[in-house]
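Raw contents of entry-v1.txt, compact mmCIF, C-alpha atoms:
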```txt
# COMPACT_ATOMS: atom_id res chain seq x y z
CA MET A 8 -31.59 -50.24 7.46
CA HIS A 9 -34.61 -47.95 7.96
CA LEU A 10 -34.90 -48.91 11.63
CA ALA A 11 -31.19 -48.33 12.28
CA LEU A 12 -31.40 -44.84 10.76
CA GLN A 13 -34.48 -44.03 12.82
CA ALA A 14 -32.72 -45.18 15.99
CA LEU A 15 -29.71 -42.96 15.23
CA ARG A 16 -32.01 -39.97 14.79
CA LYS A 17 -33.97 -40.65 17.95
CA TYR A 18 -31.01 -40.75 20.30
CA LYS A 19 -28.87 -38.09 18.64
CA ASN A 20 -30.12 -35.31 20.89
CA SER A 21 -31.80 -37.24 23.68
CA GLU A 22 -32.60 -35.45 26.92
CA GLU A 23 -30.15 -37.59 28.85
CA GLU A 24 -27.29 -36.60 26.59
CA VAL A 25 -28.21 -32.92 26.77
CA GLU A 26 -28.30 -32.99 30.57
CA ASP A 27 -24.91 -34.68 30.76
CA LYS A 28 -23.14 -32.26 28.43
CA GLU A 29 -20.45 -30.10 29.97
CA GLU A 30 -20.75 -26.35 29.67
CA GLU A 31 -17.78 -25.96 27.37
CA GLU A 32 -18.24 -26.90 23.75
CA GLU A 33 -16.76 -30.22 22.73
CA GLU A 34 -16.53 -31.82 19.34
CA GLU A 35 -19.43 -34.20 18.90
CA GLU A 36 -18.39 -37.83 18.72
CA PRO A 37 -20.06 -40.07 16.17
CA PRO A 38 -22.36 -42.77 17.53
CA SER A 39 -21.45 -46.43 17.40
CA LEU A 40 -23.67 -49.01 15.75
CA LEU A 41 -23.00 -52.68 16.38
CA LEU A 42 -24.37 -55.34 14.03
CA LEU A 43 -24.21 -58.56 16.01
CA LEU A 44 -24.36 -62.11 14.67
CA ALA A 45 -25.32 -64.78 17.20
CA THR A 46 -24.08 -68.25 16.29
CA THR A 47 -26.82 -69.87 18.36
CA ASN A 48 -30.49 -69.03 18.88
CA ALA A 49 -32.56 -69.55 21.99
CA ASP A 50 -35.37 -71.56 20.45
CA LYS A 51 -35.18 -71.65 16.67
CA PRO A 52 -32.75 -73.06 14.09
CA SER A 53 -29.98 -70.94 12.63
CA SER A 54 -30.21 -69.44 9.17
CA PRO A 55 -29.46 -71.89 6.33
CA ALA A 56 -26.87 -69.44 4.95
CA SER A 57 -23.28 -69.99 6.06
CA TYR A 58 -21.66 -67.66 8.56
CA GLU A 59 -19.43 -66.35 5.78
CA HIS A 60 -22.44 -65.30 3.73
CA ARG A 61 -24.21 -63.82 6.74
CA LEU A 62 -21.16 -61.75 7.67
CA ALA A 63 -20.81 -60.58 4.07
CA MET A 64 -24.43 -59.42 4.06
CA MET A 65 -23.90 -57.59 7.37
CA CYS A 66 -20.94 -55.77 5.79
CA LEU A 67 -23.12 -54.78 2.84
CA LEU A 68 -25.80 -53.48 5.21
CA ALA A 69 -23.20 -51.44 7.11
CA GLU A 70 -21.92 -50.00 3.84
CA GLU A 71 -25.42 -49.03 2.73
CA ILE A 72 -26.15 -47.26 6.03
CA GLN A 73 -22.93 -45.27 5.72
CA ASN A 74 -23.64 -44.39 2.09
CA LYS A 75 -27.22 -43.34 2.89
CA ILE A 76 -26.07 -40.90 5.57
CA SER A 77 -23.15 -39.61 3.50
CA SER A 78 -25.28 -38.97 0.43
CA SER A 79 -27.86 -37.14 2.53
CA SER A 80 -25.21 -34.90 4.07
CA SER A 81 -23.76 -33.98 0.68
CA SER A 82 -27.11 -33.31 -0.99
CA SER A 83 -29.50 -31.39 1.23
CA SER A 84 -31.96 -31.11 -1.63
CA SER A 85 -32.45 -34.87 -1.94
CA SER A 86 -35.84 -36.28 -1.04
CA SER A 87 -34.46 -38.27 1.90
CA SER A 88 -32.29 -35.56 3.40
CA SER A 89 -34.99 -34.21 5.68
CA SER A 90 -35.32 -37.53 7.49
CA ILE A 91 -31.64 -38.30 8.13
CA ASP A 92 -30.06 -34.86 7.89
CA ASN A 93 -27.60 -33.86 10.64
CA ILE A 94 -26.81 -37.43 11.67
CA LEU A 95 -23.10 -38.04 12.07
CA ALA A 96 -21.98 -41.09 10.14
CA PRO A 97 -21.74 -43.79 12.82
CA GLN A 98 -18.81 -46.02 13.55
CA ILE A 99 -20.23 -49.38 12.53
CA ASP A 100 -18.80 -52.53 14.07
CA ILE A 101 -19.68 -56.10 13.18
CA GLY A 102 -19.47 -58.68 15.94
CA ILE A 103 -19.97 -62.39 16.48
CA THR A 104 -21.29 -63.83 19.73
CA PRO A 105 -22.02 -67.38 20.90
CA HIS A 106 -24.77 -66.10 23.22
CA PRO A 107 -28.43 -66.40 22.24
CA ARG A 108 -29.72 -64.32 25.19
CA PHE A 109 -29.56 -60.53 25.28
CA ILE A 110 -28.47 -60.44 28.92
CA ASP A 111 -25.31 -62.37 28.05
CA LYS A 112 -24.63 -60.23 25.00
CA SER A 113 -25.02 -57.11 27.12
CA THR A 114 -22.63 -58.43 29.77
CA ASP A 115 -19.98 -59.23 27.18
CA LEU A 116 -20.26 -55.74 25.68
CA SER A 117 -19.96 -54.11 29.11
CA ASN A 118 -16.72 -56.00 29.69
CA HIS A 119 -15.29 -55.24 26.25
CA PRO A 120 -12.52 -52.59 26.10
CA PHE A 121 -14.20 -50.94 23.10
CA PHE A 122 -17.50 -50.45 24.95
CA PRO A 123 -16.72 -49.90 28.66
CA SER A 124 -19.88 -49.66 30.72
CA GLU A 125 -18.66 -46.51 32.48
CA VAL A 126 -18.93 -44.42 29.31
CA THR A 127 -21.19 -46.47 27.05
CA ARG A 128 -24.97 -46.46 26.89
CA GLN A 129 -26.31 -49.57 25.21
CA VAL A 130 -29.47 -49.13 23.16
CA TRP A 131 -30.85 -52.45 21.95
CA ILE A 132 -33.06 -52.27 18.85
CA LEU A 133 -35.84 -54.86 18.92
CA GLY A 134 -39.09 -55.62 17.18
CA TYR A 135 -42.15 -56.07 19.37
CA ASP A 136 -42.10 -59.83 18.80
CA THR A 137 -38.55 -59.99 20.19
CA LEU A 138 -39.57 -57.94 23.23
CA ILE A 139 -42.17 -60.60 24.07
CA ARG A 140 -39.48 -63.28 24.01
CA LEU A 141 -37.01 -61.12 25.95
CA LEU A 142 -39.48 -60.82 28.83
CA ASN A 143 -40.50 -64.48 28.88
CA PRO A 144 -39.21 -66.03 32.15
CA LYS A 145 -38.74 -69.43 30.51
CA TYR A 146 -35.45 -68.19 29.04
CA TYR A 147 -33.96 -67.52 32.48
CA PRO A 148 -33.39 -70.82 34.32
CA PRO A 149 -33.10 -72.08 36.96
CA HIS A 150 -35.30 -69.59 38.84
CA HIS A 151 -37.15 -68.28 35.77
CA THR A 152 -37.31 -64.66 36.88
CA LEU A 153 -36.31 -61.42 35.14
CA THR A 154 -33.89 -60.38 37.89
CA ASP A 155 -30.81 -60.65 35.66
CA LEU A 156 -32.30 -58.14 33.22
CA HIS A 157 -31.91 -55.36 35.76
CA THR A 158 -28.20 -55.97 36.31
CA THR A 159 -27.33 -56.29 32.62
CA LEU A 160 -29.55 -55.14 29.79
CA LEU A 161 -31.50 -52.61 31.87
CA SER A 162 -28.68 -51.36 34.08
CA SER A 163 -27.24 -47.84 34.18
CA THR A 164 -28.41 -45.67 31.25
CA ASN A 165 -29.10 -48.59 28.92
CA ARG A 166 -32.36 -48.58 27.00
CA ILE A 167 -34.42 -50.80 24.71
CA LEU A 168 -35.86 -49.30 21.54
CA VAL A 169 -38.87 -51.34 20.43
CA PHE A 170 -40.50 -50.95 17.04
CA THR A 171 -44.16 -51.87 16.84
CA ARG A 172 -45.13 -54.70 14.50
CA PRO A 173 -48.76 -53.94 13.55
CA GLY A 174 -50.38 -56.20 11.02
CA THR A 175 -48.91 -59.32 12.62
CA ASP A 176 -50.57 -61.88 14.88
CA LEU A 177 -49.25 -59.88 17.86
CA GLY A 178 -52.10 -57.39 17.88
CA ASN A 179 -52.45 -53.86 16.60
CA GLU A 180 -50.30 -50.85 17.44
CA SER A 181 -52.55 -49.79 20.31
CA SER A 182 -52.45 -53.18 22.04
CA GLN A 183 -48.67 -53.31 21.72
CA TYR A 184 -48.36 -49.94 23.44
CA GLU A 185 -50.74 -51.13 26.14
CA TYR A 186 -48.56 -54.16 26.80
CA SER A 187 -45.46 -51.98 27.16
CA ASN A 188 -47.23 -49.63 29.56
CA SER A 189 -48.54 -52.53 31.65
CA LEU A 190 -45.08 -53.85 32.46
CA ASP A 191 -43.40 -53.40 35.82
CA PRO A 192 -42.31 -49.72 36.00
CA SER A 193 -38.68 -50.75 36.49
CA ILE A 194 -38.86 -52.29 33.02
CA SER A 195 -41.29 -50.01 31.19
CA LYS A 196 -39.29 -46.88 32.06
CA LYS A 197 -36.36 -48.34 30.14
CA ILE A 198 -38.38 -49.07 26.99
CA ASP A 199 -38.90 -46.60 24.16
CA MET A 200 -41.78 -47.89 22.05
CA VAL A 201 -41.97 -46.25 18.62
CA VAL A 202 -43.74 -46.66 15.31
CA PRO A 203 -41.51 -47.03 12.23
CA ASP A 204 -41.24 -43.72 10.37
CA ASP A 205 -42.10 -45.47 7.13
CA PRO A 206 -44.32 -48.43 8.03
CA GLU A 207 -44.72 -49.45 4.39
CA GLN A 208 -40.95 -49.94 4.11
CA VAL A 209 -40.77 -52.34 7.05
CA ASP A 210 -44.26 -53.84 7.17
CA GLY A 211 -43.95 -57.61 7.22
CA VAL A 212 -40.17 -57.50 6.91
CA SER A 213 -38.56 -60.61 8.37
CA SER A 214 -35.69 -62.88 7.48
CA THR A 215 -38.11 -65.81 7.27
CA ASN A 216 -40.26 -63.99 4.71
CA VAL A 217 -37.17 -63.17 2.65
CA ARG A 218 -35.94 -66.77 2.64
CA ASN A 219 -39.38 -68.11 1.79
CA GLY A 220 -39.80 -65.52 -0.95
CA VAL A 221 -36.51 -66.48 -2.59
CA ARG A 222 -37.36 -70.18 -2.38
CA ASP A 223 -40.87 -69.68 -3.78
CA GLY A 224 -39.78 -67.37 -6.58
CA SER A 225 -41.69 -64.37 -5.24
CA GLU A 226 -40.97 -61.05 -6.93
CA ASP A 227 -41.22 -58.88 -3.82
CA TRP A 228 -38.72 -60.49 -1.41
CA GLU A 229 -36.13 -57.87 -2.39
CA LEU A 230 -38.26 -55.25 -0.61
CA GLY A 231 -37.25 -56.89 2.67
CA VAL A 232 -33.51 -56.26 2.30
CA CYS A 233 -31.24 -53.46 1.14
CA SER A 234 -30.16 -53.48 -2.50
CA GLY A 235 -26.62 -54.73 -1.87
CA VAL A 236 -27.88 -57.70 0.13
CA ALA A 237 -30.49 -58.49 -2.54
CA ARG A 238 -27.78 -58.62 -5.20
CA TRP A 239 -25.63 -60.85 -2.99
CA ILE A 240 -28.47 -63.31 -2.37
CA GLY A 241 -29.21 -63.51 -6.09
CA ARG A 242 -25.59 -63.82 -7.17
CA GLU A 243 -24.72 -66.48 -4.60
CA GLY A 244 -27.93 -68.44 -5.07
CA LEU A 245 -28.84 -68.38 -1.37
CA TYR A 246 -32.03 -69.87 0.12
CA LEU A 247 -33.02 -71.79 -3.02
```

Translate this structure into structure tokens?
Amino acid sequence: MHLALQALRKYKNSEEEVEDKEEEEEEEEPPSLLLLLATTNADKPSSPASYEHRLAMMCLLAEEIQNKISSSSSSSSSSSSSSIDNILAPQIDIGITPHPRFIDKSTDLSNHPFFPSEVTRQVWILGYDTLIRLLNPKYYPPHHTLTDLHTTLLSSTNRILVFTRPGTDLGNESSQYEYSNSLDPSISKKIDMVVPDDPEQVDGVSSTNVRNGVRDGSEDWELGVCSGVARWIGREGLYL
């Protein structure tokens, strides 16, 4: 949830949007946020929770994002209002895709009547570990090149927002920035590498850690999910 809110803030008044605005004032349209469930993964097994449970938890996450923004707008004196103030409540969609690769997901979205490529800028929110996998040629047979990235995920005004993952086995924050800057310019210019606003809130957060924490009886796994999802996991007895 924290990363989604930070992404909404970052792109609210981006330079590209300001440059493209017409001179006359128009009512600002709310952003769209898509929570996407892939039924297959590229190289790891699917979650042990059923699709019904996973979709239910996505709905709870969407609800919590909406409530967080709404409560901030109605109470400017709250402690969190300064960080998410002035964000329009997004239109949140929940989708299901059979595609494990981002290039195929991006293509499907571009061809969808709700998200026509002519008027839609796709911003994909990734962790640094996912960026490494995205740029690994082994996922792009038969030629194993990154050519298809440029005609799908990186085409037009699309961007990739990458959150650093310091404290992992992927290196520190500095080395992760260095990797991003060392990429081919046609790729690096499309990447926005950022540090989470509240690293303590997202440090070490992963679905694997949550599942293992529930199974092992850890008391801190709930820190890795929003409160509604934590209650759902406990009530439904998931991951035991």

Of the listed residues A:Ile240, A:Ala11, A:Leu62, A:Ala56, that which approaches Ser39 (chain A) most closely, counting only C-alpha atoms: A:Ala11

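Of note, CA of Leu168 (chain A) and CA of Lys17 (chain A) are spaced 9.6 Å apart.
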
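Counting all atoms listed in the file and comparing A:Gly241, A:Gly220, A:Pro149, A:Gly235, the residue that lies closest to Ile72 (chain A) is A:Gly235.
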
Neighbours of Ile194 (chain A) within 9 Å (only C-alpha atoms; same-chain residues fewer than 5 positions away dropped), as a PDB file with C-alpha atoms, in the coordinates of the input?
```pdb
ATOM      1  CA  LEU A 156     -32.300 -58.140  33.220  1.00  0.00           C
ATOM      2  CA  HIS A 157     -31.910 -55.360  35.760  1.00  0.00           C
ATOM      3  CA  LEU A 161     -31.500 -52.610  31.870  1.00  0.00           C
ATOM      4  CA  SER A 187     -45.460 -51.980  27.160  1.00  0.00           C
TER       5      SER A 187
END
```

Minimum-distance residue to Ala69 (chain A), chosen among A:Ser181, A:Val217, A:Lys19, A:Val236 (using all atoms listed in the file): A:Val236
